[in-house]
Every structure is written in C-alpha cells, then in structure tokens.
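*Asks:* The structure file start_0.cif (mmCIF, C-alpha atoms) is provided below.
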```
data_upload
#
loop_
_atom_site.group_PDB
_atom_site.id
_atom_site.type_symbol
_atom_site.label_atom_id
_atom_site.label_comp_id
_atom_site.auth_asym_id
_atom_site.auth_seq_id
_atom_site.Cartn_x
_atom_site.Cartn_y
_atom_site.Cartn_z
ATOM 1 C CA MET A 276 112.170 162.913 67.427
ATOM 2 C CA GLU A 277 112.305 161.042 64.139
ATOM 3 C CA TYR A 278 114.195 163.864 62.481
ATOM 4 C CA ALA A 279 116.801 163.838 65.266
ATOM 5 C CA LEU A 280 117.194 160.078 64.848
ATOM 6 C CA TRP A 281 117.590 160.395 61.081
ATOM 7 C CA ALA A 282 120.160 163.162 61.600
ATOM 8 C CA MET A 283 122.138 160.874 63.915
ATOM 9 C CA PHE A 284 122.079 158.138 61.278
ATOM 10 C CA GLY A 285 123.400 160.597 58.694
ATOM 11 C CA TRP A 286 126.068 161.931 61.066
ATOM 12 C CA CYS A 287 127.304 158.378 61.725
ATOM 13 C CA GLY A 288 128.012 157.992 58.024
ATOM 14 C CA THR A 289 130.572 160.792 58.054
ATOM 15 C CA LYS A 290 133.681 160.012 60.085
ATOM 16 C CA TRP A 291 136.723 162.257 59.946
ATOM 17 C CA PRO A 292 139.460 161.316 57.498
ATOM 18 C CA GLY A 293 141.697 158.554 58.793
ATOM 19 C CA TRP A 294 139.504 157.597 61.786
ATOM 20 C CA TRP A 295 140.373 153.907 61.457
ATOM 21 C CA ARG A 296 144.169 154.322 61.727
ATOM 22 C CA GLY A 297 146.077 153.814 64.945
ATOM 23 C CA PRO A 298 144.888 153.304 68.495
ATOM 24 C CA ARG A 299 143.948 156.987 68.845
ATOM 25 C CA PRO A 300 141.938 158.848 66.250
ATOM 26 C CA PRO A 301 143.910 161.598 64.543
ATOM 27 C CA GLN A 302 142.881 165.182 64.985
ATOM 28 C CA PRO A 303 140.292 166.023 62.367
ATOM 29 C CA ASP A 304 140.738 168.898 59.998
ATOM 30 C CA PRO A 305 139.090 172.099 61.248
ATOM 31 C CA TRP A 306 136.473 171.965 58.471
ATOM 32 C CA TRP A 307 135.342 168.430 59.358
ATOM 33 C CA TRP A 308 132.271 169.571 61.299
ATOM 34 C CA ILE A 309 130.843 171.001 58.056
ATOM 35 C CA VAL A 310 130.973 167.525 56.515
ATOM 36 C CA GLY A 311 129.247 166.081 59.599
ATOM 37 C CA VAL A 312 126.441 168.636 59.490
ATOM 38 C CA ALA A 313 125.987 168.024 55.764
ATOM 39 C CA GLY A 314 125.815 164.279 56.480
ATOM 40 C CA ALA A 315 123.167 164.825 59.148
ATOM 41 C CA ILE A 316 121.096 166.925 56.751
ATOM 42 C CA GLY A 317 121.616 164.265 54.065
ATOM 43 C CA GLY A 318 120.306 161.589 56.437
ATOM 44 C CA ILE A 319 117.148 163.579 57.134
ATOM 45 C CA VAL A 320 116.547 164.324 53.456
ATOM 46 C CA ALA A 321 117.217 160.738 52.360
ATOM 47 C CA VAL A 322 114.729 159.229 54.796
ATOM 48 C CA ALA A 323 112.132 161.921 54.067
ATOM 49 C CA VAL A 324 112.429 161.383 50.306
ATOM 50 C CA PHE A 325 112.538 157.583 50.375
ATOM 51 C CA ARG A 326 109.926 157.143 53.128
ATOM 52 C CA PRO A 327 107.153 156.240 50.627
ATOM 53 C CA ILE A 328 109.432 153.660 49.007
ATOM 54 C CA ILE A 329 110.721 151.989 52.174
ATOM 55 C CA GLY A 330 107.217 152.122 53.622
ATOM 56 C CA ASP A 331 106.847 149.713 56.475
ATOM 57 C CA ALA A 332 110.469 148.593 56.606
ATOM 58 C CA GLY A 333 110.662 150.004 60.127
ATOM 59 C CA PHE A 334 113.702 151.020 62.090
ATOM 60 C CA LEU A 335 116.280 149.118 60.063
ATOM 61 C CA GLY A 336 115.038 150.516 56.748
ATOM 62 C CA ALA A 337 115.172 154.075 58.083
ATOM 63 C CA ALA A 338 118.608 153.463 59.621
ATOM 64 C CA ILE A 339 120.128 152.159 56.396
ATOM 65 C CA THR A 340 118.538 154.897 54.298
ATOM 66 C CA GLY A 341 119.665 157.669 56.673
ATOM 67 C CA PHE A 342 123.183 156.252 56.890
ATOM 68 C CA ALA A 343 123.460 155.959 53.101
ATOM 69 C CA GLY A 344 122.150 159.496 52.627
ATOM 70 C CA GLY A 345 124.666 160.820 55.130
ATOM 71 C CA VAL A 346 127.534 158.995 53.442
ATOM 72 C CA LEU A 347 126.501 160.287 50.022
ATOM 73 C CA VAL A 348 126.095 163.933 50.985
ATOM 74 C CA GLY A 349 129.120 163.895 53.304
ATOM 75 C CA SER A 350 131.292 162.417 50.559
ATOM 76 C CA ILE A 351 130.132 165.028 48.070
ATOM 77 C CA VAL A 352 130.857 167.892 50.480
ATOM 78 C CA ASP A 353 134.209 166.331 51.424
ATOM 79 C CA GLY A 354 135.105 165.992 47.752
ATOM 80 C CA ILE A 355 134.227 169.618 47.080
ATOM 81 C CA GLY A 356 136.303 170.699 50.078
ATOM 82 C CA GLY A 357 139.201 168.514 48.973
ATOM 83 C CA SER A 358 139.218 169.914 45.458
ATOM 84 C CA ALA A 359 139.033 173.465 46.794
ATOM 85 C CA ARG A 360 142.125 172.898 48.949
ATOM 86 C CA GLY A 361 144.173 171.801 45.997
#
```
Output the file's structure as structure tokens, nothing else.

*Replies:*
Amino acid sequence: MEYALWAMFGWCGTKWPGWWRGPRPPQPDPWWWIVGVAGAIGGIVAVAVFRPIIGDAGFLGAAITGFAGGVLVGSIVDGIGGSARG
C-alpha cells in the first residue's frame, strides 16, 4: 500500500501542460500519460531512496519527497519528449 501511495504522490507532481489555464483544462497531448507514469515511478524511487534520510518524518515527509521525485522525473521525461518533437 505504501508503494501505491508514493506513486500517487509522484503522479500528482506531473500535470499536463497548461492545466492551470482557463475554466476547463485543455486536452493533454497524447504522450502525456508517459510523463505521468514516469512521475509515479519517480515518486516511488524518491521515497525508497530517501527513506533512511527522512526517517521518522512520517506522512508529510513521504508526501513531499514523493511529490518532488515525481516532479523531477516527470520534468526530465517531458523535456526529453519536448526536445524530440522539435
């Protein structure tokens, strides 16, 4: 269950491009789900790697670490996809 929670934290760090504009969210690019999956995997890896460091920080420490890991990995994958498109 912890891994699923960490994956959700990582997924939350990767919104589709332009999600904050307008009253309705724009349609995401068709490749956006790849960035979300990479963010979820990044959240799991980040919490697993930094678990000894955050130690007894509890839920909030794991949430922040998973979110940050998801943002980092999702941004890297999004940047690679953006440079590949041109």

*Asks:* Neighbours of range 306-320 of chain A within 6 Å (all atoms listed in the file; same-chain residues fewer than 4 positions away dropped), as a list in words?

*Replies:*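 In the requested format, the answer is Trp281, Ala282, Gly285, Trp286, Thr289, Val324, Gly341, Gly344, Gly345, Val348 and Gly349 of chain A.
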
*Asks:* Work out how far CA of Ser350 in chain A is from CA of Ile329 in chain A, in Å to one decimal.

*Replies:* 23.1 Å

*Asks:* Can you work out the spacing between CA of Ile339 in chain A and CA of Ile355 in chain A in Å, to one decimal?

*Replies:*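 Calculated distance between CA of Ile339 in chain A and CA of Ile355 in chain A is 24.3 Å.
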
*Asks:* What separation in Å, quoted to one decimal, exists between CA of Val346 in chain A and CA of Met276 in chain A?

*Replies:*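 Value for the CA of Val346 in chain A-CA of Met276 in chain A distance: 21.1 Å.
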
*Asks:* Point out the residue among A:Val322, A:Met283, A:Ile328, A:Val352 with the least atom-to-atom distance to Thr340 in chain A, counting only C-alpha atoms.

*Replies:*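 The shortest atom-to-atom distance to Thr340 in chain A comes from A:Val322.
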
*Asks:* For each of A:Gly356, A:Ile351, A:Phe284, A:Ala321, take the minimum atom-to-atom distance to Leu335 in chain A, counting all atoms listed in the file, then give the residue where this is smallest.

*Replies:*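 For Leu335 in chain A, the nearest of the candidates is A:Phe284.
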
*Asks:* Let me have the centre and edge lengths in Å, one decimal, of the box along x, y and z around every listed atom of range 348-354 of chain A with 4 Å of margin on each side, as JSON.

*Replies:*
```
{"center_x": 130.6, "center_y": 165.2, "center_z": 50.5, "size_x": 17.0, "size_y": 13.5, "size_z": 13.6}
```

*Asks:* Emit a file covering range 311-359 of chain A of the preceding structure with N, CA and C atoms, as a PDB file, in the first residue's frame.

*Replies:*
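Wrote it out as result-v6.pdb, contents follow:
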```pdb
ATOM      1  N   GLY A 311       3.184  11.024 -16.834  1.00  0.00           N
ATOM      2  CA  GLY A 311       2.538  10.682 -15.569  1.00  0.00           C
ATOM      3  C   GLY A 311       3.057   9.382 -14.971  1.00  0.00           C
ATOM      4  N   VAL A 312       3.228   8.377 -15.811  1.00  0.00           N
ATOM      5  CA  VAL A 312       3.768   7.098 -15.324  1.00  0.00           C
ATOM      6  C   VAL A 312       5.214   7.271 -14.847  1.00  0.00           C
ATOM      7  N   ALA A 313       5.993   8.046 -15.580  1.00  0.00           N
ATOM      8  CA  ALA A 313       7.368   8.313 -15.155  1.00  0.00           C
ATOM      9  C   ALA A 313       7.381   9.061 -13.827  1.00  0.00           C
ATOM     10  N   GLY A 314       6.443   9.996 -13.635  1.00  0.00           N
ATOM     11  CA  GLY A 314       6.346  10.709 -12.366  1.00  0.00           C
ATOM     12  C   GLY A 314       5.971   9.789 -11.221  1.00  0.00           C
ATOM     13  N   ALA A 315       5.065   8.854 -11.473  1.00  0.00           N
ATOM     14  CA  ALA A 315       4.686   7.890 -10.436  1.00  0.00           C
ATOM     15  C   ALA A 315       5.870   7.008 -10.046  1.00  0.00           C
ATOM     16  N   ILE A 316       6.617   6.558 -11.041  1.00  0.00           N
ATOM     17  CA  ILE A 316       7.809   5.748 -10.758  1.00  0.00           C
ATOM     18  C   ILE A 316       8.847   6.593 -10.024  1.00  0.00           C
ATOM     19  N   GLY A 317       8.986   7.857 -10.420  1.00  0.00           N
ATOM     20  CA  GLY A 317       9.910   8.761  -9.727  1.00  0.00           C
ATOM     21  C   GLY A 317       9.530   8.980  -8.280  1.00  0.00           C
ATOM     22  N   GLY A 318       8.230   9.058  -7.986  1.00  0.00           N
ATOM     23  CA  GLY A 318       7.781   9.199  -6.600  1.00  0.00           C
ATOM     24  C   GLY A 318       8.134   7.989  -5.759  1.00  0.00           C
ATOM     25  N   ILE A 319       7.948   6.800  -6.322  1.00  0.00           N
ATOM     26  CA  ILE A 319       8.295   5.573  -5.595  1.00  0.00           C
ATOM     27  C   ILE A 319       9.789   5.509  -5.339  1.00  0.00           C
ATOM     28  N   VAL A 320      10.576   5.777  -6.368  1.00  0.00           N
ATOM     29  CA  VAL A 320      12.038   5.699  -6.239  1.00  0.00           C
ATOM     30  C   VAL A 320      12.561   6.745  -5.259  1.00  0.00           C
ATOM     31  N   ALA A 321      12.019   7.957  -5.323  1.00  0.00           N
ATOM     32  CA  ALA A 321      12.491   9.026  -4.440  1.00  0.00           C
ATOM     33  C   ALA A 321      12.257   8.678  -2.970  1.00  0.00           C
ATOM     34  N   VAL A 322      11.066   8.189  -2.650  1.00  0.00           N
ATOM     35  CA  VAL A 322      10.785   7.859  -1.256  1.00  0.00           C
ATOM     36  C   VAL A 322      11.602   6.644  -0.824  1.00  0.00           C
ATOM     37  N   ALA A 323      11.759   5.664  -1.711  1.00  0.00           N
ATOM     38  CA  ALA A 323      12.552   4.485  -1.350  1.00  0.00           C
ATOM     39  C   ALA A 323      14.015   4.847  -1.113  1.00  0.00           C
ATOM     40  N   VAL A 324      14.558   5.751  -1.919  1.00  0.00           N
ATOM     41  CA  VAL A 324      15.963   6.128  -1.774  1.00  0.00           C
ATOM     42  C   VAL A 324      16.177   7.017  -0.553  1.00  0.00           C
ATOM     43  N   PHE A 325      15.281   7.973  -0.332  1.00  0.00           N
ATOM     44  CA  PHE A 325      15.463   8.924   0.753  1.00  0.00           C
ATOM     45  C   PHE A 325      14.812   8.497   2.062  1.00  0.00           C
ATOM     46  N   ARG A 326      14.245   7.308   2.120  1.00  0.00           N
ATOM     47  CA  ARG A 326      13.607   6.818   3.342  1.00  0.00           C
ATOM     48  C   ARG A 326      14.559   6.817   4.536  1.00  0.00           C
ATOM     49  N   PRO A 327      15.819   6.371   4.399  1.00  0.00           N
ATOM     50  CA  PRO A 327      16.724   6.434   5.556  1.00  0.00           C
ATOM     51  C   PRO A 327      17.016   7.864   6.013  1.00  0.00           C
ATOM     52  N   ILE A 328      16.985   8.808   5.087  1.00  0.00           N
ATOM     53  CA  ILE A 328      17.289  10.194   5.439  1.00  0.00           C
ATOM     54  C   ILE A 328      16.099  10.862   6.114  1.00  0.00           C
ATOM     55  N   ILE A 329      14.884  10.674   5.544  1.00  0.00           N
ATOM     56  CA  ILE A 329      13.722  11.316   6.145  1.00  0.00           C
ATOM     57  C   ILE A 329      13.282  10.602   7.406  1.00  0.00           C
ATOM     58  N   GLY A 330      13.645   9.355   7.542  1.00  0.00           N
ATOM     59  CA  GLY A 330      13.433   8.603   8.780  1.00  0.00           C
ATOM     60  C   GLY A 330      12.020   8.656   9.304  1.00  0.00           C
ATOM     61  N   ASP A 331      11.860   9.292  10.432  1.00  0.00           N
ATOM     62  CA  ASP A 331      10.591   9.302  11.128  1.00  0.00           C
ATOM     63  C   ASP A 331       9.791  10.565  10.842  1.00  0.00           C
ATOM     64  N   ALA A 332       9.964  11.138   9.667  1.00  0.00           N
ATOM     65  CA  ALA A 332       9.243  12.356   9.324  1.00  0.00           C
ATOM     66  C   ALA A 332       7.761  12.089   9.108  1.00  0.00           C
ATOM     67  N   GLY A 333       7.401  10.833   8.885  1.00  0.00           N
ATOM     68  CA  GLY A 333       6.002  10.458   8.764  1.00  0.00           C
ATOM     69  C   GLY A 333       5.404  10.734   7.404  1.00  0.00           C
ATOM     70  N   PHE A 334       4.094  10.933   7.430  1.00  0.00           N
ATOM     71  CA  PHE A 334       3.325  11.080   6.201  1.00  0.00           C
ATOM     72  C   PHE A 334       3.746  12.303   5.397  1.00  0.00           C
ATOM     73  N   LEU A 335       3.922  13.425   6.063  1.00  0.00           N
ATOM     74  CA  LEU A 335       4.256  14.654   5.345  1.00  0.00           C
ATOM     75  C   LEU A 335       5.632  14.560   4.684  1.00  0.00           C
ATOM     76  N   GLY A 336       6.595  13.970   5.363  1.00  0.00           N
ATOM     77  CA  GLY A 336       7.920  13.802   4.769  1.00  0.00           C
ATOM     78  C   GLY A 336       7.886  12.919   3.533  1.00  0.00           C
ATOM     79  N   ALA A 337       7.117  11.817   3.610  1.00  0.00           N
ATOM     80  CA  ALA A 337       6.993  10.933   2.449  1.00  0.00           C
ATOM     81  C   ALA A 337       6.227  11.620   1.320  1.00  0.00           C
ATOM     82  N   ALA A 338       5.211  12.408   1.674  1.00  0.00           N
ATOM     83  CA  ALA A 338       4.425  13.103   0.649  1.00  0.00           C
ATOM     84  C   ALA A 338       5.268  14.117  -0.110  1.00  0.00           C
ATOM     85  N   ILE A 339       6.041  14.902   0.606  1.00  0.00           N
ATOM     86  CA  ILE A 339       6.875  15.918  -0.044  1.00  0.00           C
ATOM     87  C   ILE A 339       7.967  15.264  -0.884  1.00  0.00           C
ATOM     88  N   THR A 340       8.574  14.217  -0.359  1.00  0.00           N
ATOM     89  CA  THR A 340       9.636  13.532  -1.099  1.00  0.00           C
ATOM     90  C   THR A 340       9.082  12.865  -2.357  1.00  0.00           C
ATOM     91  N   GLY A 341       7.943  12.199  -2.263  1.00  0.00           N
ATOM     92  CA  GLY A 341       7.338  11.562  -3.431  1.00  0.00           C
ATOM     93  C   GLY A 341       6.909  12.570  -4.472  1.00  0.00           C
ATOM     94  N   PHE A 342       6.338  13.690  -4.022  1.00  0.00           N
ATOM     95  CA  PHE A 342       5.910  14.741  -4.944  1.00  0.00           C
ATOM     96  C   PHE A 342       7.113  15.336  -5.669  1.00  0.00           C
ATOM     97  N   ALA A 343       8.172  15.624  -4.921  1.00  0.00           N
ATOM     98  CA  ALA A 343       9.381  16.203  -5.525  1.00  0.00           C
ATOM     99  C   ALA A 343      10.030  15.228  -6.506  1.00  0.00           C
ATOM    100  N   GLY A 344      10.053  13.955  -6.159  1.00  0.00           N
ATOM    101  CA  GLY A 344      10.604  12.955  -7.076  1.00  0.00           C
ATOM    102  C   GLY A 344       9.795  12.845  -8.350  1.00  0.00           C
ATOM    103  N   GLY A 345       8.468  12.914  -8.217  1.00  0.00           N
ATOM    104  CA  GLY A 345       7.608  12.870  -9.392  1.00  0.00           C
ATOM    105  C   GLY A 345       7.783  14.081 -10.284  1.00  0.00           C
ATOM    106  N   VAL A 346       7.918  15.253  -9.675  1.00  0.00           N
ATOM    107  CA  VAL A 346       8.138  16.475 -10.455  1.00  0.00           C
ATOM    108  C   VAL A 346       9.468  16.396 -11.193  1.00  0.00           C
ATOM    109  N   LEU A 347      10.505  15.934 -10.507  1.00  0.00           N
ATOM    110  CA  LEU A 347      11.826  15.861 -11.125  1.00  0.00           C
ATOM    111  C   LEU A 347      11.834  14.905 -12.314  1.00  0.00           C
ATOM    112  N   VAL A 348      11.387  13.688 -12.100  1.00  0.00           N
ATOM    113  CA  VAL A 348      11.425  12.695 -13.175  1.00  0.00           C
ATOM    114  C   VAL A 348      10.450  13.067 -14.297  1.00  0.00           C
ATOM    115  N   GLY A 349       9.264  13.555 -13.939  1.00  0.00           N
ATOM    116  CA  GLY A 349       8.303  13.970 -14.954  1.00  0.00           C
ATOM    117  C   GLY A 349       8.821  15.116 -15.802  1.00  0.00           C
ATOM    118  N   SER A 350       9.514  16.057 -15.175  1.00  0.00           N
ATOM    119  CA  SER A 350      10.083  17.185 -15.920  1.00  0.00           C
ATOM    120  C   SER A 350      11.192  16.728 -16.859  1.00  0.00           C
ATOM    121  N   ILE A 351      11.994  15.794 -16.403  1.00  0.00           N
ATOM    122  CA  ILE A 351      13.069  15.272 -17.256  1.00  0.00           C
ATOM    123  C   ILE A 351      12.482  14.560 -18.475  1.00  0.00           C
ATOM    124  N   VAL A 352      11.489  13.701 -18.245  1.00  0.00           N
ATOM    125  CA  VAL A 352      10.870  12.974 -19.357  1.00  0.00           C
ATOM    126  C   VAL A 352      10.139  13.937 -20.285  1.00  0.00           C
ATOM    127  N   ASP A 353       9.464  14.945 -19.722  1.00  0.00           N
ATOM    128  CA  ASP A 353       8.790  15.945 -20.542  1.00  0.00           C
ATOM    129  C   ASP A 353       9.787  16.753 -21.368  1.00  0.00           C
ATOM    130  N   GLY A 354      10.929  17.072 -20.782  1.00  0.00           N
ATOM    131  CA  GLY A 354      11.956  17.796 -21.515  1.00  0.00           C
ATOM    132  C   GLY A 354      12.541  16.978 -22.648  1.00  0.00           C
ATOM    133  N   ILE A 355      12.738  15.693 -22.408  1.00  0.00           N
ATOM    134  CA  ILE A 355      13.244  14.812 -23.466  1.00  0.00           C
ATOM    135  C   ILE A 355      12.215  14.703 -24.584  1.00  0.00           C
ATOM    136  N   GLY A 356      10.943  14.561 -24.220  1.00  0.00           N
ATOM    137  CA  GLY A 356       9.888  14.486 -25.226  1.00  0.00           C
ATOM    138  C   GLY A 356       9.744  15.780 -25.996  1.00  0.00           C
ATOM    139  N   GLY A 357       9.918  16.916 -25.308  1.00  0.00           N
ATOM    140  CA  GLY A 357       9.819  18.205 -25.976  1.00  0.00           C
ATOM    141  C   GLY A 357      10.955  18.450 -26.951  1.00  0.00           C
ATOM    142  N   SER A 358      12.164  18.023 -26.578  1.00  0.00           N
ATOM    143  CA  SER A 358      13.288  18.200 -27.484  1.00  0.00           C
ATOM    144  C   SER A 358      13.236  17.240 -28.665  1.00  0.00           C
ATOM    145  N   ALA A 359      12.589  16.093 -28.473  1.00  0.00           N
ATOM    146  CA  ALA A 359      12.457  15.137 -29.570  1.00  0.00           C
ATOM    147  C   ALA A 359      11.443  15.618 -30.612  1.00  0.00           C
TER     148      ALA A 359
END
```
